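Trainee: Pasting a structure below so you can have a look.
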Amino acid sequence: GNFIDFCDDGKSCWISSSRGRDTTALFKLNIETKECDSETTPIYDERCDISEVVLDKDSRNVSMVSFNYEKRELTFFDSTLENHFTKLLKQGPVCSLGEIKIIGKARDETLWLVSYEASDAPNIYALYCTITQNMTPIFCTQPSLLQYRFSRMDVVSIPARDGLRLVAYLTRPPSAKRTNPKPNSRAPALPLVLLVHGGPWER
């Protein structure tokens, strides 16, 4: 586990721990009693570890946590933050909230530096104003790739012999149908390139 930050009362803190668990969970720990707050925590996903924790800068309460089992998934505890992400999604070139990341913030948090990280396009960085709720693109990391058409990654969950599931990603050619062919169909077979990586900590 890890120490994340102190709470606003100075008597408790946020920690992540996998003690007695298969995956890490988020706990609010009382520093004096060494006991966890059972009303607000733990926050967890049984399938994978916690990936990211965002705290409110004033109240030090949890605003958002993210998990990365198949893809990055966001769980919001602050409706204002969720609304900002929804605005960013509508104005950006991605299809899900999990493809948006906050890279940095101004001291008063009115201006954010965000990145859009789609599987079928180079990353795009932008400025977002929380007052006007407008996004302004800054630059693309690989603008020469914008002229090409890429395919999005599809998630494929493969059952293993031990009963667990292996998360894999399938990318088809842009011209290929995104549905599985029917048995005994005459759909042309596509070549498959299998890349075994060292996860499961990174996707």
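Please note that chains go A, B, ... in the order of the structure tokens, that every chain numbers its residues from 1, and that ligands are numbered from 1 in the order shown.
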DSSP on the backbone, strand (DSSP E or B) only: what residues of chain A does that give? Format it as a VMD selection string.
Mentor: chain A and resid 2 to 6 12 to 17 25 to 30 36 43 45 48 50 to 55 62 to 68 72 to 76 100 to 105 111 to 116 124 to 129 134 to 140 154 to 159 165 to 170
Trainee: Please provide as a list in words all residues within 8 Å of Gly104 of chain A, with the sequence filter that same-chain residues fewer than 6 positions apart are discarded (counting only C-alpha atoms).
Mentor: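 These residues fall inside the cut-off: Trp112, Leu113 and Val114 of chain A.
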Trainee: Let me make sure I understand: among A:Val155, A:Ser18, A:Ala126, A:Met135, which one has the smallest atom-to-atom distance to Arg72 of chain A if we use only C-alpha atoms?
Mentor: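 Result for the nearest residue to Arg72 of chain A: A:Val155.
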Trainee: As an MDAnalysis selection string, please: all residues of segment 45-195 of chain A that backbone DSSP puts in alpha helix (DSSP H).
Mentor: chainID A and resid 79:91
Trainee: Skip Asn68 of chain A itself and residues of its chain fewer than 2 positions away, then list as an MDAnalysis selection string all residues within 12 Å of it, counting only C-alpha atoms.
Mentor: chainID A and resid 23 44:52 65:66 70:75 98:99 167 199:203
Trainee: Counting only C-alpha atoms, what is within 12 Å of Lys90 of chain A, bar same-chain residues fewer than 6 positions away, as a PyMOL selection string?
Mentor: chain A and resi 83-84+96-97+100+116+133-135
Trainee: Would you pick out the contacts of Met153 of chain A at 7 Å or less, using only C-alpha atoms, so that residues sharing its chain but fewer than 5 positions from it are not included, and give the list as a list of chain:residue names?
Mentor: A:Ser119, A:Tyr169, A:Leu170, A:Thr171
Trainee: Would you please work out which residue, of A:Tyr69, A:Asp108, A:Phe77, A:Asp5, is nearest to Ala168 of chain A when using only C-alpha atoms?
Mentor: A:Tyr69
Trainee: Excluding Gly10 of chain A and any residue of its chain fewer than 4 positions from it, enumerate the residues within 12 Å of it, using only C-alpha atoms, and give them as a VMD selection string.
Mentor: chain A and resid 5 to 6 14 28 to 32 59 to 60
